[in-house]
file final.cif (mmCIF, C-alpha atoms)
data_structure
loop_
_atom_site.label_atom_id
_atom_site.label_comp_id
_atom_site.auth_asym_id
_atom_site.auth_seq_id
_atom_site.Cartn_x
_atom_site.Cartn_y
_atom_site.Cartn_z
CA MET L 1 13.78 180.44 -53.17
CA ASN L 2 17.37 181.29 -52.14
CA LEU L 3 18.60 180.55 -55.63
CA PRO L 4 19.42 183.28 -58.18
CA LEU L 5 16.78 183.33 -60.92
CA SER L 6 16.90 184.92 -64.35
CA PHE L 7 14.35 185.13 -67.17
CA GLU L 8 14.72 185.23 -70.94
CA PHE L 9 12.40 187.16 -73.27
CA PHE L 10 12.36 187.74 -77.02
CA PRO L 11 11.69 191.16 -78.57
CA PRO L 12 7.97 191.51 -79.41
CA LYS L 13 7.01 192.18 -83.02
CA THR L 14 3.78 194.14 -82.45
CA PRO L 15 2.51 196.85 -80.07
CA GLU L 16 0.14 194.23 -78.56
CA GLY L 17 3.08 191.88 -78.03
CA ALA L 18 5.04 194.66 -76.34
CA GLU L 19 2.12 195.39 -74.01
CA LYS L 20 1.71 191.71 -73.16
CA LEU L 21 5.43 191.37 -72.46
CA ARG L 22 5.32 194.35 -70.06
CA ALA L 23 2.61 192.55 -68.07
CA THR L 24 4.62 189.29 -68.16
CA ARG L 25 7.72 191.07 -66.85
CA GLN L 26 5.82 192.76 -64.04
CA ALA L 27 4.43 189.39 -62.92
CA LEU L 28 7.90 187.78 -62.93
CA TYR L 29 9.65 190.70 -61.21
CA ALA L 30 7.88 189.51 -58.03
CA PHE L 31 10.60 186.83 -57.88
CA GLN L 32 13.39 189.43 -57.86
CA PRO L 33 15.42 188.10 -60.79
CA GLU L 34 19.16 188.63 -60.84
CA PHE L 35 18.70 189.80 -64.46
CA CYS L 36 16.45 189.43 -67.51
CA SER L 37 17.93 188.63 -70.92
CA VAL L 38 16.59 189.56 -74.34
CA THR L 39 17.29 187.48 -77.46
CA PHE L 40 18.75 188.61 -80.78
CA GLY L 41 17.37 187.35 -84.13
CA ALA L 42 19.37 185.51 -86.79
CA GLY L 43 22.15 187.75 -88.08
CA GLY L 44 21.16 190.46 -85.59
CA SER L 45 17.81 190.91 -87.37
CA THR L 46 16.00 192.05 -84.23
CA GLN L 47 18.72 194.36 -82.91
CA GLU L 48 16.46 197.40 -82.64
CA GLY L 49 13.75 195.42 -80.84
CA THR L 50 16.34 193.74 -78.59
CA PHE L 51 17.92 197.01 -77.51
CA GLY L 52 14.50 198.64 -77.09
CA THR L 53 13.30 195.85 -74.78
CA VAL L 54 16.60 195.94 -72.84
CA LYS L 55 16.13 199.69 -72.35
CA GLU L 56 12.58 199.15 -71.01
CA ILE L 57 13.76 196.51 -68.52
CA LEU L 58 16.52 198.82 -67.25
CA GLY L 59 13.90 201.59 -66.94
CA GLU L 60 11.83 199.24 -64.77
CA GLY L 61 14.76 199.01 -62.35
CA VAL L 62 15.89 195.49 -63.26
CA ALA L 63 19.31 194.42 -64.59
CA ALA L 64 19.08 193.53 -68.28
CA ALA L 65 21.38 191.35 -70.37
CA SER L 66 21.40 191.81 -74.12
CA HIS L 67 22.03 188.81 -76.31
CA PHE L 68 24.82 189.70 -78.68
CA SER L 69 25.52 187.60 -81.76
CA CYS L 70 28.43 188.04 -84.15
CA VAL L 71 27.36 186.24 -87.32
CA GLY L 72 28.05 188.55 -90.27
CA ALA L 73 29.26 191.31 -87.93
CA THR L 74 32.37 193.43 -88.35
CA LYS L 75 34.58 194.80 -85.61
CA ALA L 76 33.23 198.27 -86.41
CA THR L 77 29.56 197.23 -86.01
CA VAL L 78 30.28 195.34 -82.79
CA ARG L 79 32.25 198.30 -81.42
CA ALA L 80 29.33 200.63 -82.17
CA GLN L 81 26.82 198.27 -80.52
CA LEU L 82 29.00 197.93 -77.42
CA THR L 83 29.17 201.72 -77.16
CA THR L 84 25.35 201.93 -77.41
CA LEU L 85 24.83 199.27 -74.74
CA ARG L 86 27.32 200.87 -72.34
CA ALA L 87 25.61 204.23 -72.77
CA MET L 88 22.26 202.56 -71.93
CA GLY L 89 23.73 201.21 -68.69
CA VAL L 90 23.87 197.52 -69.69
CA LYS L 91 26.35 195.59 -67.55
CA ARG L 92 25.77 192.04 -68.80
CA LEU L 93 25.91 190.43 -72.24
CA VAL L 94 25.07 186.96 -73.53
CA ALA L 95 27.73 186.50 -76.23
CA LEU L 96 26.81 184.02 -78.97
CA ARG L 97 27.93 183.13 -82.45
CA GLY L 98 24.27 183.32 -83.39
CA ASP L 99 22.15 181.52 -85.97
CA LEU L 100 23.01 181.94 -89.62
CA PRO L 101 20.17 183.52 -91.59
CA SER L 102 18.93 181.05 -94.22
CA GLY L 103 21.02 180.96 -97.37
CA TYR L 104 23.87 182.70 -95.58
CA GLY L 105 27.47 181.48 -95.67
CA ILE L 106 29.70 182.15 -92.65
CA GLY L 107 30.86 185.72 -93.20
CA GLY L 108 31.97 188.70 -91.17
CA GLU L 109 35.03 189.05 -89.00
CA PHE L 110 33.96 186.68 -86.21
CA HIS L 111 33.64 182.95 -86.87
CA TYR L 112 33.19 181.72 -83.30
CA ALA L 113 31.66 183.02 -80.09
CA SER L 114 35.15 182.83 -78.54
CA ASP L 115 36.33 185.44 -81.09
CA LEU L 116 33.49 187.73 -79.99
CA VAL L 117 34.21 187.23 -76.27
CA ALA L 118 37.90 188.02 -76.78
CA PHE L 119 37.04 191.16 -78.77
CA ILE L 120 34.56 192.42 -76.14
CA ARG L 121 37.21 191.97 -73.45
CA GLU L 122 39.84 193.77 -75.56
CA GLU L 123 37.52 196.67 -76.27
CA THR L 124 35.76 197.10 -72.93
CA GLY L 125 37.88 195.42 -70.24
CA ASP L 126 35.65 194.43 -67.35
CA ALA L 127 32.75 196.73 -68.27
CA PHE L 128 30.49 193.73 -68.96
CA HIS L 129 29.72 190.44 -67.22
CA ILE L 130 29.88 188.06 -70.20
CA GLU L 131 27.64 185.00 -70.34
CA VAL L 132 28.16 182.32 -72.98
CA ALA L 133 26.07 179.34 -74.09
CA ALA L 134 26.73 175.77 -72.96
CA TYR L 135 25.29 172.61 -74.51
CA PRO L 136 24.93 169.67 -72.07
CA GLU L 137 23.60 167.53 -74.94
CA ILE L 138 26.11 168.83 -77.50
CA HIS L 139 25.62 171.63 -80.01
CA PRO L 140 23.77 170.27 -83.07
CA GLN L 141 26.56 171.53 -85.37
CA ALA L 142 29.46 170.23 -83.25
CA LYS L 143 31.74 167.64 -84.85
CA SER L 144 31.86 165.63 -81.61
CA ALA L 145 31.19 165.87 -77.87
CA ASP L 146 34.89 166.48 -77.29
CA ALA L 147 35.05 169.28 -79.90
CA ASP L 148 31.99 170.90 -78.34
CA LEU L 149 33.52 170.82 -74.86
CA LYS L 150 36.76 172.33 -76.19
CA ALA L 151 34.78 175.09 -77.91
CA PHE L 152 33.10 175.86 -74.58
CA ALA L 153 36.48 175.93 -72.80
CA ALA L 154 37.79 178.32 -75.50
CA LYS L 155 34.91 180.76 -74.82
CA VAL L 156 35.71 180.75 -71.11
CA LYS L 157 39.44 181.15 -71.75
CA ALA L 158 38.63 184.12 -74.01
CA GLY L 159 37.07 185.89 -71.01
CA ALA L 160 33.54 184.60 -70.26
CA ASP L 161 32.40 184.99 -66.63
CA SER L 162 29.65 182.37 -66.62
CA ALA L 163 27.47 180.23 -68.87
CA ILE L 164 23.80 179.46 -69.42
CA THR L 165 22.88 176.07 -70.87
CA GLN L 166 20.57 175.13 -73.67
CA TYR L 167 17.45 173.69 -72.07
CA PHE L 168 17.44 170.00 -71.20
CA PHE L 169 15.18 167.50 -69.43
CA ASN L 170 17.86 165.04 -68.32
CA SER L 171 19.75 166.37 -65.31
CA ASP L 172 22.49 163.74 -65.76
CA ALA L 173 23.51 165.41 -69.03
CA TYR L 174 23.96 168.70 -67.17
CA PHE L 175 25.97 167.20 -64.30
CA ARG L 176 28.16 165.27 -66.73
CA PHE L 177 28.83 168.42 -68.75
CA VAL L 178 29.83 170.41 -65.64
CA ASP L 179 32.14 167.59 -64.49
CA ASP L 180 33.75 167.31 -67.94
CA ALA L 181 34.26 171.09 -68.09
CA LEU L 182 35.85 171.04 -64.62
CA ALA L 183 38.22 168.31 -65.81
CA LEU L 184 39.37 170.75 -68.51
CA GLY L 185 39.96 173.40 -65.85
CA VAL L 186 36.77 175.37 -66.62
CA GLU L 187 35.47 176.65 -63.30
CA VAL L 188 32.94 179.36 -64.20
CA PRO L 189 29.35 178.94 -62.96
CA VAL L 190 27.22 176.99 -65.45
CA VAL L 191 23.57 177.96 -64.91
CA PRO L 192 20.97 175.47 -66.17
CA GLY L 193 18.52 176.84 -68.72
CA ILE L 194 14.96 175.61 -68.15
CA MET L 195 12.10 175.49 -70.68
CA PRO L 196 8.62 175.09 -69.15
CA ILE L 197 6.48 172.57 -71.07
CA THR L 198 3.28 174.28 -72.19
CA SER L 199 2.68 172.87 -75.69
CA SER L 200 3.88 169.54 -77.03
CA THR L 201 4.01 170.51 -80.72
CA GLN L 202 6.00 173.67 -80.00
CA LEU L 203 8.37 171.77 -77.73
CA MET L 204 9.02 169.03 -80.32
CA ARG L 205 9.67 171.61 -83.03
CA PHE L 206 12.08 173.62 -80.88
CA SER L 207 13.89 170.59 -79.56
CA ASP L 208 14.44 169.08 -83.00
CA ALA L 209 15.86 172.40 -84.20
CA CYS L 210 18.25 173.03 -81.31
CA GLY L 211 19.35 169.49 -80.48
CA ALA L 212 17.69 169.27 -77.05
CA GLU L 213 16.80 165.67 -76.25
CA ILE L 214 13.24 164.96 -75.16
CA PRO L 215 13.44 161.69 -73.16
CA ARG L 216 11.30 158.98 -74.72
CA TRP L 217 9.00 158.69 -71.70
CA ILE L 218 8.23 162.43 -71.83
CA ARG L 219 7.69 162.35 -75.60
CA LEU L 220 5.31 159.37 -75.36
CA ARG L 221 3.33 160.89 -72.49
CA LEU L 222 2.94 164.17 -74.41
CA GLN L 223 1.87 162.32 -77.57
CA GLY L 224 -0.60 160.31 -75.49
CA TYR L 225 -2.32 163.51 -74.31
CA GLY L 226 -3.04 164.53 -77.93
CA ASP L 227 -4.83 167.90 -77.87
CA ASP L 228 -5.65 167.75 -74.14
CA ALA L 229 -4.02 171.09 -73.22
CA ALA L 230 -4.90 170.84 -69.52
CA SER L 231 -3.19 167.44 -69.14
CA ILE L 232 -0.12 168.62 -71.07
CA LYS L 233 0.15 171.68 -68.84
CA SER L 234 -0.29 169.67 -65.63
CA PHE L 235 2.24 167.02 -66.69
CA GLY L 236 4.69 169.72 -67.84
CA LEU L 237 4.52 171.51 -64.49
CA ASP L 238 5.23 168.27 -62.60
CA VAL L 239 8.18 167.30 -64.81
CA ILE L 240 9.86 170.73 -64.78
CA THR L 241 9.29 171.35 -61.06
CA ASP L 242 10.93 167.98 -60.30
CA LEU L 243 13.84 168.80 -62.61
CA CYS L 244 14.39 172.19 -60.95
CA ASP L 245 14.16 170.57 -57.52
CA GLN L 246 16.87 168.04 -58.44
CA LEU L 247 19.10 170.82 -59.73
CA ARG L 248 18.51 172.99 -56.67
CA THR L 249 19.26 170.08 -54.31
CA ALA L 250 22.53 169.47 -56.18
CA GLY L 251 23.56 173.09 -55.56
CA VAL L 252 23.39 174.67 -59.02
CA PRO L 253 24.50 178.33 -59.17
CA GLY L 254 21.09 179.58 -60.39
CA ILE L 255 18.21 178.79 -62.76
CA HIS L 256 17.51 180.59 -66.04
CA PHE L 257 13.96 180.29 -67.39
CA TYR L 258 13.18 180.45 -71.11
CA THR L 259 9.80 182.12 -70.58
CA MET L 260 8.63 182.39 -74.22
CA ASN L 261 7.23 185.79 -73.10
CA GLN L 262 4.66 184.03 -70.86
CA ALA L 263 4.52 184.34 -67.07
CA GLY L 264 2.08 181.55 -66.15
CA ALA L 265 4.11 178.33 -66.23
CA THR L 266 7.32 179.90 -64.88
CA THR L 267 5.38 181.51 -62.00
CA GLU L 268 3.69 178.21 -61.13
CA ILE L 269 6.99 176.28 -61.16
CA ILE L 270 8.74 178.81 -58.89
CA GLN L 271 5.78 178.88 -56.49
CA ARG L 272 5.79 175.08 -56.29
CA LEU L 273 9.53 175.10 -55.57
CA GLN L 274 9.01 177.67 -52.83
CA GLN L 275 6.51 175.32 -51.17
CA ARG L 276 8.84 172.31 -51.18
#
call {"tool": "encode", "arguments": {"input": "final.cif", "output": "structure tokens"}}
result
Amino acid sequence: MNLPLSFEFFPPKTPEGAEKLRATRQALYAFQPEFCSVTFGAGGSTQEGTFGTVKEILGEGVAAASHFSCVGATKATVRAQLTTLRAMGVKRLVALRGDLPSGYGIGGEFHYASDLVAFIREETGDAFHIEVAAYPEIHPQAKSADADLKAFAAKVKAGADSAITQYFFNSDAYFRFVDDALALGVEVPVVPGIMPITSSTQLMRFSDACGAEIPRWIRLRLQGYGDDAASIKSFGLDVITDLCDQLRTAGVPGIHFYTMNQAGATTEIIQRLQQR
């Protein structure tokens, strides 16, 4: 496809899930991803599973990026985790503030992702390529669009190499965000994050939680299909393939797929793009 691709997975909770994820990864490796990332639960709750999955991906001969969140962390715990990841051969991190576990005040020694990025750079120099998150449609907890953009700029200034966006369905929001970041002097690659549409209820739930806007026409079409899974899947493939095509035509630096540990929809979208 002549465009760098990357895939995100979450650590499986059961042996069956782990087996299924291995098959998913093997199917997606056919597209020669630049790297695969593995998420980290609220407050680092899945650290063991995250690091275990990262280790498997590295063992399969593919570059792996560990998500790394700092909520509730101390400098000592972060230092120890960085040492572990370096010893495993990890060269890329996705540095995030992370979600607060429920009922949890903001604690620990890091309050912002920019604090974490700065600390990783201080401790490890250029040992890691550091990715950070970007929010084309504004972080749900941001005070304003301007504050959110400044927070992004602070992460880059602290030492981030590139960014991956929250998923979106409106390419204008992405292009506007990149332009606004450039106006602030932020020139790192901002890779669009893409969520295939496979289930309308799941998508609505996720989007409401993370502040991703589902355009009204998409929402109404999905609602109109009701429980017709085949129509939802077919419509979702068309919408996301078109979105990726627009982004590719505009010259984005890569595409990052939120796979939800499934290979089917992502495979179909990439194959369609290859045929265009």
call {"tool": "residues_around", "arguments": {"input": "final.cif", "residues": "range 151-168 of chain L", "least_positions_apart": "6", "cutoff": "8 Å", "atoms": "all atoms listed in the file", "output": "ChimeraX atom specification"}}
result
/L:113-115,117-118,121,129-137,174,181,184,186,188-195,212-214,256
call {"tool": "closest_residue", "arguments": {"input": "final.cif", "among": "L:Val94, L:Ala80, L:Arg25, L:Gly226", "to": "Phe40 in chain L", "atoms": "only C-alpha atoms"}}
result
L:Val94
call {"tool": "residues_around", "arguments": {"input": "final.cif", "residues": "Pro11 in chain L", "least_positions_apart": "5", "cutoff": "10 Å", "atoms": "only C-alpha atoms", "output": "list in words"}}
result
Gly17, Ala18, Leu21, Val38, Thr39, Phe40, Gly41, Thr46, Gln47, Glu48, Gly49, Thr50, Phe51, Gly52, Thr53, Val54 and Asn261 of chain L
call {"tool": "residues_around", "arguments": {"input": "final.cif", "residues": "Thr201 in chain L", "least_positions_apart": "5", "cutoff": "10 Å", "atoms": "only C-alpha atoms", "output": "list in words"}}
result
Phe206, Ser207, Leu222, Gln223, Gly226 and Asp227 of chain L
call {"tool": "closest_residue", "arguments": {"input": "final.cif", "among": "L:Arg205, L:Arg79, L:Arg92, L:His111", "to": "His67 in chain L", "atoms": "only C-alpha atoms"}}
result
L:Arg92
call {"tool": "closest_residue", "arguments": {"input": "final.cif", "among": "L:Gly264, L:Pro215, L:Gly251, L:Gly89", "to": "Lys233 in chain L", "atoms": "only C-alpha atoms"}}
result
L:Gly264
call {"tool": "residues_around", "arguments": {"input": "final.cif", "residues": "Val78 in chain L", "least_positions_apart": "5", "cutoff": "9 Å", "atoms": "all atoms listed in the file", "output": "list in words"}}
result
Phe68, Cys70, Ala73, Thr83, Leu116, Phe119 and Ile120 of chain L
call {"tool": "residues_around", "arguments": {"input": "final.cif", "residues": "Met260 in chain L", "least_positions_apart": "3", "cutoff": "8 Å", "atoms": "all atoms listed in the file", "output": "PyMOL selection string"}}
result
chain L and resi 8-10
call {"tool": "write_last_selection", "arguments": {"input": "final.cif", "atoms": "C-alpha atoms", "output": "PDB file, in the coordinates of the input"}}
result
ATOM      1  CA  GLU L   8      14.720 185.230 -70.940  1.00  0.00           C
ATOM      2  CA  PHE L   9      12.400 187.160 -73.270  1.00  0.00           C
ATOM      3  CA  PHE L  10      12.360 187.740 -77.020  1.00  0.00           C
TER       4      PHE L  10
END
call {"tool": "atom_distance", "arguments": {"input": "final.cif", "atom1": "CA of Leu96 in chain L", "atom2": "CA of Leu149 in chain L"}}
result
15.4 Å
call {"tool": "atom_distance", "arguments": {"input": "final.cif", "atom1": "CA of Ala65 in chain L", "atom2": "CA of Thr14 in chain L"}}
result
21.5 Å
call {"tool": "closest_residue", "arguments": {"input": "final.cif", "among": "L:Ser199, L:Asn170, L:Gln275, L:Ser69", "to": "Leu93 in chain L", "atoms": "only C-alpha atoms"}}
result
L:Ser69
call {"tool": "closest_residue", "arguments": {"input": "final.cif", "among": "L:Ala263, L:Cys244, L:Val239, L:Ile57", "to": "Arg221 in chain L", "atoms": "all atoms listed in the file"}}
result
L:Val239
call {"tool": "closest_residue", "arguments": {"input": "final.cif", "among": "L:Pro253, L:Pro196, L:Gly185, L:Gly61", "to": "Glu268 in chain L", "atoms": "only C-alpha atoms"}}
result
L:Pro196
call {"tool": "resolve_selection", "arguments": {"input": "final.cif", "expression": "the PyMOL selection byres ((chain L and resi 246-250) around 10)", "output": "list in words"}}
result
Met1, Asn2, Leu3, Ser171, Asp172, Tyr174, Phe175, Val191, Pro192, Ile240, Thr241, Asp242, Leu243, Cys244, Asp245, Gly251, Val252, Pro253, Gly254, Ile255 and Leu273 of chain L
